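Trainee: Structure file upload.txt, compact mmCIF, C-alpha atoms, is pasted below:
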```
# COMPACT_ATOMS: atom_id res chain seq x y z
CA MET I 476 40.58 59.63 146.94
CA ARG I 477 40.03 60.80 143.36
CA SER I 478 42.95 63.21 143.40
CA LEU I 479 43.51 63.01 139.64
CA ASP I 480 40.01 63.75 138.36
CA GLY I 481 40.31 65.53 135.03
CA ARG I 482 43.99 64.63 134.62
CA VAL I 483 45.33 62.81 131.58
CA ALA I 484 48.21 60.33 131.70
CA VAL I 485 50.17 58.20 129.27
CA VAL I 486 51.63 55.01 130.71
CA ALA I 487 54.15 53.90 128.10
CA GLY I 488 54.44 50.16 128.62
CA ALA I 489 51.16 49.38 130.40
CA THR I 490 50.73 45.79 129.23
CA ARG I 491 51.82 44.06 132.42
CA GLY I 492 53.94 44.37 135.54
CA ALA I 493 54.66 47.81 136.92
CA GLY I 494 53.07 49.51 133.93
CA ARG I 495 49.77 47.76 134.52
CA GLY I 496 49.88 48.48 138.25
CA ILE I 497 50.59 52.17 137.64
CA ALA I 498 47.80 52.48 135.07
CA ARG I 499 45.31 50.84 137.46
CA MET I 500 46.19 53.11 140.37
CA LEU I 501 46.04 56.23 138.20
CA GLY I 502 42.55 55.02 137.29
CA GLU I 503 41.79 54.57 140.97
CA ALA I 504 42.70 58.23 141.44
CA GLY I 505 40.28 59.21 138.66
CA ALA I 506 42.65 59.83 135.75
CA THR I 507 42.17 59.17 132.07
CA VAL I 508 44.99 56.80 131.15
CA TYR I 509 46.30 56.05 127.67
CA CYS I 510 47.73 52.54 128.02
CA THR I 511 50.38 51.83 125.41
CA GLY I 512 52.20 48.66 124.46
CA ARG I 513 52.60 46.19 121.61
CA SER I 514 50.40 43.38 122.94
CA VAL I 515 46.72 43.63 121.99
CA ARG I 516 43.96 41.08 121.67
CA GLY I 517 44.58 39.03 118.56
CA GLN I 518 48.26 39.95 118.45
CA ALA I 519 50.31 37.95 120.91
CA SER I 520 53.23 39.31 122.89
CA PRO I 521 56.64 38.68 121.31
CA ARG I 522 57.68 37.50 124.78
CA GLY I 523 55.04 34.80 124.92
CA ARG I 524 52.89 36.47 127.56
CA ALA I 525 49.09 36.57 127.50
CA GLU I 526 48.54 40.06 128.96
CA THR I 527 47.34 42.88 126.67
CA ILE I 528 46.87 46.62 126.91
CA ASP I 529 43.15 46.03 126.29
CA GLU I 530 42.92 44.18 129.60
CA THR I 531 44.88 46.92 131.35
CA ALA I 532 42.54 49.61 130.02
CA GLU I 533 39.57 47.60 131.32
CA MET I 534 41.24 47.45 134.74
CA VAL I 535 41.63 51.23 134.68
CA ASP I 536 37.89 51.52 133.97
CA ALA I 537 37.06 49.10 136.78
CA ALA I 538 39.23 51.09 139.19
CA GLY I 539 37.26 54.27 138.47
CA GLY I 540 39.21 55.97 135.70
CA VAL I 541 39.03 55.95 131.92
CA GLY I 542 41.35 53.50 130.18
CA ILE I 543 42.26 53.97 126.53
CA PRO I 544 44.40 51.23 124.92
CA VAL I 545 46.69 52.38 122.11
CA ARG I 546 49.04 49.98 120.37
CA VAL I 547 52.43 51.68 120.16
CA ASP I 548 55.92 50.39 119.49
CA HIS I 549 57.99 53.05 121.24
CA THR I 550 61.00 52.23 119.09
CA VAL I 551 59.08 53.55 116.05
CA ASP I 552 59.05 57.33 116.18
CA ALA I 553 56.10 57.68 113.81
CA GLU I 554 53.94 55.60 116.15
CA VAL I 555 55.04 57.65 119.15
CA ALA I 556 54.27 60.90 117.30
CA ALA I 557 50.82 59.60 116.32
CA LEU I 558 50.09 58.66 119.95
CA PHE I 559 50.68 62.16 121.26
CA GLU I 560 48.87 63.76 118.34
CA ARG I 561 45.87 61.66 119.36
CA VAL I 562 46.22 62.59 123.03
CA GLU I 563 46.36 66.29 122.20
CA LYS I 564 43.43 66.10 119.80
CA GLN I 565 41.19 64.00 122.06
CA SER I 566 42.07 65.23 125.53
CA LYS I 567 43.50 68.71 124.89
CA ARG I 568 46.04 68.17 127.66
CA LEU I 569 48.66 65.84 129.12
CA ASP I 570 49.51 65.88 132.80
CA LEU I 571 51.65 62.79 133.27
CA LEU I 572 53.97 60.55 131.28
CA VAL I 573 55.27 57.35 132.86
CA ASN I 574 57.95 55.43 130.96
CA VAL I 575 57.81 51.76 131.92
CA PHE I 576 58.37 49.98 128.61
CA THR I 577 61.38 47.72 128.35
CA GLY I 578 64.01 46.92 125.79
CA PRO I 579 65.70 43.62 124.94
CA PRO I 580 66.70 41.42 127.89
CA ALA I 581 70.19 41.84 129.25
CA THR I 582 72.80 39.16 128.65
CA TRP I 583 74.41 39.87 132.05
CA ALA I 584 77.79 39.42 130.40
CA ASN I 585 80.72 41.43 131.71
CA PHE I 586 82.69 43.95 129.67
CA LEU I 587 85.11 41.43 128.17
CA GLN I 588 82.39 38.96 127.19
CA GLU I 589 80.11 41.25 125.18
CA THR I 590 81.07 43.13 122.03
CA PRO I 591 80.69 46.92 121.93
CA ALA I 592 78.36 46.54 118.94
CA ASP I 593 75.98 44.30 120.89
CA GLY I 594 76.25 46.50 123.95
CA ARG I 595 75.42 49.57 121.91
CA LYS I 596 72.31 47.94 120.47
CA PHE I 597 71.14 47.02 123.95
CA VAL I 598 71.70 50.46 125.46
CA GLU I 599 70.17 52.37 122.56
CA ALA I 600 67.11 50.10 122.40
CA TRP I 601 66.31 50.91 126.02
CA PHE I 602 67.39 54.52 126.15
CA TRP I 603 66.67 56.31 122.88
CA PRO I 604 62.93 55.55 122.67
CA ARG I 605 62.54 57.21 126.06
CA ILE I 606 64.06 60.40 124.77
CA ALA I 607 61.72 60.37 121.78
CA THR I 608 58.68 59.62 123.95
CA ALA I 609 59.48 62.44 126.37
CA TRP I 610 60.19 64.83 123.48
CA HIS I 611 56.75 64.27 121.99
CA ALA I 612 55.03 64.50 125.38
CA ALA I 613 56.70 67.60 126.83
CA PRO I 614 55.32 70.22 124.39
CA ILE I 615 51.73 69.25 125.28
CA MET I 616 52.51 69.67 128.98
CA ALA I 617 54.32 72.94 128.33
CA THR I 618 51.18 74.55 126.90
CA LYS I 619 49.66 74.49 130.42
CA LYS I 620 52.97 75.05 132.22
CA ALA I 621 52.44 71.87 134.22
CA GLY I 622 53.21 68.18 134.00
CA VAL I 623 55.23 65.29 135.39
CA ILE I 624 57.52 62.80 133.65
CA VAL I 625 58.28 59.65 135.64
CA GLU I 626 60.91 57.05 134.81
CA LEU I 627 60.96 53.69 136.58
CA VAL I 628 64.46 52.63 137.58
CA GLU I 629 65.92 49.62 139.34
CA GLN I 630 67.39 51.21 142.47
CA ASP I 631 67.58 54.64 144.08
CA ASN I 632 71.36 55.02 143.89
CA VAL I 633 74.06 54.99 141.25
CA GLY I 634 75.82 51.84 142.42
CA TYR I 635 76.75 49.07 140.02
CA HIS I 636 73.82 47.19 138.49
CA GLY I 637 75.53 43.85 137.86
CA ALA I 638 76.75 43.95 134.25
CA PHE I 639 78.53 46.65 132.28
CA TYR I 640 76.00 47.54 129.57
CA PHE I 641 73.02 47.05 131.85
CA ASP I 642 74.68 49.42 134.29
CA VAL I 643 75.29 52.00 131.56
CA MET I 644 71.64 51.81 130.53
CA GLU I 645 70.22 52.10 134.06
CA THR I 646 72.50 55.00 134.93
CA LEU I 647 71.50 56.77 131.73
CA LEU I 648 67.82 56.48 132.68
CA LYS I 649 68.54 58.25 135.96
CA ARG I 650 70.67 60.88 134.30
CA LEU I 651 67.95 61.36 131.69
CA ILE I 652 65.56 62.43 134.46
CA PHE I 653 68.17 64.77 135.90
CA GLY I 654 68.71 66.43 132.53
CA LEU I 655 64.99 66.72 131.81
CA ALA I 656 64.46 68.28 135.23
CA HIS I 657 66.90 71.06 134.36
CA ASP I 658 65.70 71.72 130.84
CA LEU I 659 61.96 71.51 131.54
CA GLU I 660 61.73 73.40 134.82
CA ALA I 661 61.05 76.71 133.06
CA SER I 662 58.09 75.02 131.34
CA GLY I 663 56.63 73.89 134.67
CA ILE I 664 57.40 70.22 134.05
CA ALA I 665 58.86 68.00 136.76
CA ALA I 666 60.93 64.88 136.02
CA VAL I 667 61.29 62.19 138.68
CA ALA I 668 62.78 58.70 138.84
CA VAL I 669 61.02 56.08 140.99
CA ALA I 670 62.39 52.72 142.12
CA PRO I 671 59.90 50.01 143.12
CA GLY I 672 60.75 47.16 145.46
CA PHE I 673 60.56 43.43 144.71
CA MET I 674 57.32 43.29 142.73
CA ARG I 675 54.98 40.36 142.36
CA THR I 676 54.53 40.78 138.63
CA GLU I 677 52.63 38.27 136.51
CA ALA I 678 55.87 36.73 135.25
CA ILE I 679 57.42 36.46 138.73
CA LEU I 680 54.28 34.86 140.15
CA ASP I 681 54.25 32.37 137.29
CA GLY I 682 57.91 31.64 137.82
CA PHE I 683 57.28 30.60 141.41
CA GLY I 684 54.12 28.71 140.48
CA VAL I 685 51.77 30.89 142.54
CA THR I 686 49.10 33.54 142.05
CA GLU I 687 48.49 36.79 143.87
CA ALA I 688 45.90 34.98 145.99
CA ASN I 689 48.43 32.46 147.37
CA TRP I 690 51.66 34.34 146.76
CA ARG I 691 53.09 33.45 150.17
CA ASP I 692 53.34 29.83 149.04
CA GLY I 693 56.27 31.04 146.96
CA LEU I 694 58.31 31.16 150.16
CA LYS I 695 58.70 27.39 149.77
CA HIS I 696 61.21 28.20 147.04
CA PRO I 697 64.65 28.88 148.55
CA GLN I 698 65.41 31.42 145.83
CA ALA I 699 62.23 33.39 146.57
CA ALA I 700 62.97 33.43 150.29
CA ALA I 701 66.56 34.52 149.68
CA TYR I 702 65.35 37.44 147.56
CA GLY I 703 63.00 38.65 150.30
CA TRP I 704 59.75 37.36 148.79
CA GLY I 705 58.00 37.79 152.11
CA GLY I 706 58.53 41.54 151.81
CA SER I 707 57.49 41.82 148.17
CA GLU I 708 54.82 44.18 146.87
CA THR I 709 52.21 44.25 144.13
CA PRO I 710 52.83 46.50 141.12
CA CYS I 711 49.99 48.63 142.47
CA PHE I 712 52.25 49.85 145.29
CA VAL I 713 54.52 51.75 142.91
CA GLY I 714 51.33 52.71 141.07
CA ARG I 715 50.11 54.54 144.15
CA ALA I 716 53.53 56.15 144.49
CA VAL I 717 53.25 57.58 140.97
CA ALA I 718 49.66 58.69 141.57
CA ALA I 719 50.74 60.48 144.75
CA LEU I 720 53.52 62.29 142.91
CA ALA I 721 51.19 63.31 140.10
CA ALA I 722 48.71 64.76 142.61
CA ASP I 723 51.31 66.64 144.67
CA PRO I 724 51.12 70.40 143.97
CA LEU I 725 54.73 70.68 145.15
CA VAL I 726 56.09 67.88 142.96
CA MET I 727 58.47 70.36 141.32
CA THR I 728 60.51 70.35 144.53
CA LYS I 729 61.26 66.67 143.84
CA SER I 730 62.21 67.20 140.20
CA GLY I 731 65.52 65.64 139.25
CA GLY I 732 65.54 63.19 142.15
CA ILE I 733 65.41 59.41 142.54
CA TYR I 734 62.87 58.10 145.04
CA THR I 735 61.80 54.66 146.21
CA ALA I 736 58.15 53.66 146.37
CA ARG I 737 58.90 52.78 149.99
CA ALA I 738 60.06 56.30 150.89
CA LEU I 739 57.15 57.86 149.04
CA SER I 740 54.70 55.65 150.96
CA ASP I 741 56.12 57.00 154.22
CA GLU I 742 55.77 60.55 152.97
CA TYR I 743 52.34 60.34 151.35
CA GLY I 744 50.82 57.67 153.58
CA PHE I 745 49.58 55.18 150.99
CA THR I 746 49.58 51.39 151.33
CA ASP I 747 49.55 48.46 148.97
CA VAL I 748 46.15 47.22 147.76
CA SER I 749 46.00 44.87 150.75
CA GLY I 750 45.64 47.91 152.98
CA LYS I 751 49.10 47.26 154.44
CA LYS I 752 52.62 48.22 153.52
CA PRO I 753 55.08 45.55 152.37
CA ASP I 754 57.18 43.97 155.11
CA PHE I 755 60.27 46.09 154.60
CA GLN I 756 62.14 44.37 157.42
CA VAL I 757 62.09 41.10 155.47
CA MET I 758 63.50 42.88 152.42
CA ASP I 759 66.17 44.63 154.45
CA GLU I 760 67.34 41.36 156.01
CA ALA I 761 67.44 39.61 152.64
CA LEU I 762 69.44 42.45 151.10
CA LYS I 763 71.85 42.49 154.02
CA LYS I 764 72.54 38.77 153.65
CA ALA I 765 72.97 39.09 149.89
CA MET I 766 75.43 41.93 150.37
CA GLU I 767 77.40 40.03 153.00
CA SER I 768 77.68 36.60 151.43
CA GLY I 769 75.32 36.30 148.48
CA PRO I 770 75.83 36.79 144.75
CA ILE I 771 75.88 40.59 145.00
CA ALA I 772 78.46 40.72 147.78
CA ALA I 773 81.15 41.97 145.41
CA LEU I 774 79.03 44.67 143.79
CA LYS I 775 79.45 48.29 144.77
CA ARG I 776 75.73 48.91 144.88
CA ASN I 777 75.11 51.28 147.75
CA VAL I 778 76.52 54.45 146.24
CA PRO I 779 74.16 57.34 147.02
CA HIS I 780 73.41 59.61 144.11
CA ALA I 781 74.39 63.22 144.73
CA TRP I 782 72.78 64.87 141.73
CA GLN I 783 71.07 68.03 142.87
CA GLN I 784 68.95 70.36 140.83
CA VAL I 785 70.43 73.86 140.99
CA ARG I 786 67.58 76.37 141.00
CA ARG I 787 68.11 80.02 140.17
CA ASP I 788 64.62 80.91 141.37
CA PRO I 789 62.24 79.33 143.89
CA ALA I 790 60.51 76.23 142.56
CA PRO I 791 57.08 77.01 141.12
CA ALA I 792 54.16 75.75 143.19
```
Give the structure from the file, written as structure tokens.
Mentor:
Amino acid sequence: MRSLDGRVAVVAGATRGAGRGIARMLGEAGATVYCTGRSVRGQASPRGRAETIDETAEMVDAAGGVGIPVRVDHTVDAEVAALFERVEKQSKRLDLLVNVFTGPPATWANFLQETPADGRKFVEAWFWPRIATAWHAAPIMATKKAGVIVELVEQDNVGYHGAFYFDVMETLLKRLIFGLAHDLEASGIAAVAVAPGFMRTEAILDGFGVTEANWRDGLKHPQAAAYGWGGSETPCFVGRAVAALAADPLVMTKSGGIYTARALSDEYGFTDVSGKKPDFQVMDEALKKAMESGPIAALKRNVPHAWQQVRRDPAPA
């Protein structure tokens, strides 16, 4: 189904992982996708990975869309501004922004182990570039009174994320979507947070010494089995979730909310690229064991979020 024919998207952080999967599935739906990131051919990833945005753009083309690689460091405002100036000049519209790019890795230290100065650097490096990216994108969407901003988050609640500054950052990403939903509703722009499941990203597959073709062999690793590897999903699963949201004429009714790819698959009826849904029962059992006796047993994770968008008027169609 080419439900996004004629639509234009920016996937900020499309080099690998969820960003690549989202870009590919937007291409599958017929969209033109600007694939941003720092890794291009001839300029290696600072994280030692081989994937590039050039490859991702080619995957978008192969899926049926139009992929446009643009090297952007989203921590540099001038590069972000230039990206959206190019989008507006070339495409004359912007229908979707997906923020998937990452910041520095977390130390996973607790509050007493990490200095406030280091914690501040970590939080700001993840959070502030997203504000700048959304700020440059929103005016283009507002000209047509339509658009969607999607933020990928780690879980669909506001429970603890495992370390103080990482928790602050993740909660801010969710609150960012809530705030954008309020401020941008009058401009016809929806803002939604989406939480994928356990994804078989390139790095995770490498870590377990498998490929997508033989990913089930990873179950030989006790750690993989304990994390629910048998119920994992490709990054394309959350990609189809984002594509479904972008194509939904009533997406404004979801603005301000946090949704799992799993719940969206039940609602919109999409599957993973295998033609099947992930084995959610395996994931549920693994999570239950981890909560009962595993390393996350002491974490207060399952705290439902109760943020609700207060609408003065009916949501626009």
Trainee: For I:Val541, list every protein, DNA or RNA residue within 9 Å, evaluated using all atoms listed in the file, and leave out those in the same chain fewer than 6 positions away; present the list as a list in words.
Mentor: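 The contact residues come out as Gly502, Gly505, Ala506, Thr507, Val508, Tyr509, Ala532, Glu533 and Val535 of chain I.
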Trainee: For the residues selected in the previous step, produce a file with C-alpha atoms as a PDB file, in the frame of the given file.
Mentor:
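Below is the file selection09.pdb, written as the result:
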```pdb
ATOM      1  CA  GLY I 502      42.550  55.020 137.290  1.00  0.00           C
ATOM      2  CA  GLY I 505      40.280  59.210 138.660  1.00  0.00           C
ATOM      3  CA  ALA I 506      42.650  59.830 135.750  1.00  0.00           C
ATOM      4  CA  THR I 507      42.170  59.170 132.070  1.00  0.00           C
ATOM      5  CA  VAL I 508      44.990  56.800 131.150  1.00  0.00           C
ATOM      6  CA  TYR I 509      46.300  56.050 127.670  1.00  0.00           C
ATOM      7  CA  ALA I 532      42.540  49.610 130.020  1.00  0.00           C
ATOM      8  CA  GLU I 533      39.570  47.600 131.320  1.00  0.00           C
ATOM      9  CA  VAL I 535      41.630  51.230 134.680  1.00  0.00           C
TER      10      VAL I 535
END
```
Trainee: Tell me which protein, DNA and RNA residues are within 7 Å of I:Asp631, counting all atoms listed in the file, leaving out same-chain ones fewer than 6 positions away, and put them as a list of chain:residue names.
Mentor: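 Near I:Asp631, the qualifying residues are I:Ala670, I:Ile733, I:Tyr734, I:Thr735.
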Trainee: Would you mind listing what lies within 6 Å of I:Ala504 as number ranges by chain, with all atoms listed in the file counted and same-chain residues fewer than 4 positions away left out?
Mentor: I: 477-479
Trainee: Give me a file of those residues, with C-alpha atoms, as a PDB file, keeping the file's coordinate frame.
Mentor:
```
ATOM      1  CA  ARG I 477      40.030  60.800 143.360  1.00  0.00           C
ATOM      2  CA  SER I 478      42.950  63.210 143.400  1.00  0.00           C
ATOM      3  CA  LEU I 479      43.510  63.010 139.640  1.00  0.00           C
TER       4      LEU I 479
END
```
Trainee: State, in Å with one decimal place, the distance from atom CA of I:Lys649 to atom CA of I:Val562.
Mentor: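 Separating atom CA of I:Lys649 from atom CA of I:Val562 is a distance of 26.2 Å.
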Trainee: Need the shell around I:Gly682: protein/DNA/RNA residues with any atom at most 10 Å away, counting only C-alpha atoms. Skip same-chain ones fewer than 5 positions apart. Format as a count of residues only?
Mentor: 4
Trainee: What is the atom CA of I:Ala493-atom CA of I:Pro710 distance in Å, reported with one decimal?
Mentor: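 According to the coordinates, atom CA of I:Ala493 and atom CA of I:Pro710 are separated by 4.8 Å.
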Trainee: Quick check, in Å to one decimal: how far apart do atom CA of I:Val667 and atom CA of I:Asp536 lie?
Mentor: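 Separation between atom CA of I:Val667 and atom CA of I:Asp536: 26.1 Å.
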Trainee: Sort by chain and increasing residue number a table of all residues of stretch 704-738 of chain I within 12 Å of stretch 484-489 of chain I, each with its closest pair of atoms and their distance in Å to one decimal, counting all atoms listed in the file, and write it as JSON lines.
Mentor:
```
{"residue": "I:Pro710", "atom": "CA", "partner": "I:Ala489", "partner_atom": "CA", "distance": 11.2}
{"residue": "I:Gly714", "atom": "CA", "partner": "I:Val486", "partner_atom": "CA", "distance": 10.6}
{"residue": "I:Val717", "atom": "CA", "partner": "I:Val486", "partner_atom": "CA", "distance": 10.7}
{"residue": "I:Ala718", "atom": "CA", "partner": "I:Ala484", "partner_atom": "CA", "distance": 10.1}
{"residue": "I:Ala721", "atom": "CA", "partner": "I:Ala484", "partner_atom": "CA", "distance": 9.4}
{"residue": "I:Ala722", "atom": "CA", "partner": "I:Ala484", "partner_atom": "CA", "distance": 11.8}
```
Trainee: So that I can check the surroundings of stretch 516-519 of chain I, please list as a list in words every protein, DNA and RNA residue that reaches within 9 Å of it, counting all atoms listed in the file and ignoring chain neighbours fewer than 5 positions away.
Mentor: Arg524, Ala525, Glu526, Thr527, Ile528, Asp529 and Glu530 of chain I
Trainee: Hey, which of I:Trp603, I:Lys620, I:Glu708, I:Val633 ends up closest to I:Thr646? Count only C-alpha atoms.
Mentor: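 The answer is I:Val633, which sits nearest to I:Thr646.
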Trainee: Find the residues with any atom within 7 Å of (49.2, 53.6, 123.3); use only C-alpha atoms and the coordinates as given in the file, and write the answer as JSON, numbers by chain.
Mentor: {"I": [487, 509, 510, 511, 512, 544, 545, 546, 547, 558]}
Trainee: For I:Ala638, which of I:Gly539, I:Gly496, I:Gly594, I:Pro604 is the closest residue, counting all atoms listed in the file?
Mentor: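 Looking at the shortest contact to I:Ala638, the residue is I:Gly594.
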Trainee: Using all atoms listed in the file, which of I:Ala716, I:Lys729, I:Phe683, I:Phe586 sits nearest I:His657?
Mentor: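 Closest to I:His657 of all the choices is I:Lys729.
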Trainee: Between I:Leu587, I:Phe712, I:Gly731, I:Ala612, which has the minimum distance to I:Gly750 (counting only C-alpha atoms)?
Mentor: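 Ranking I:Leu587, I:Phe712, I:Gly731, I:Ala612 by distance to I:Gly750, first place goes to I:Phe712.
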Trainee: Nearest to I:Phe559: which of I:Ile497, I:Ala592, I:Leu739, I:Ala607 is it, counting all atoms listed in the file?
Mentor: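 Comparing I:Ile497, I:Ala592, I:Leu739, I:Ala607 against I:Phe559, the winner is I:Ala607.
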Trainee: Could the residues of stretch 544-616 of chain I that have an atom at most 9 Å from stretch 651-655 of chain I be listed as a tab-separated table, each with its closest atom pair and the distance in Å to one decimal, counting all atoms listed in the file and ordered by chain and ascending residue number?
Mentor:
```
residue	atom	partner	partner_atom	distance
I:Phe602	CA	I:Leu651	CA	8.8
I:Arg605	CA	I:Leu651	CA	8.8
I:Ile606	CA	I:Leu651	CA	8.0
I:Ala609	CA	I:Leu655	CA	8.8
```
Trainee: Looking at all atoms listed in the file, which of I:Glu503, I:Glu660, I:Asp759, I:Glu767 is the one that sits closest to I:Met727?
Mentor: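 Of all the options, I:Glu660 lies closest to I:Met727.
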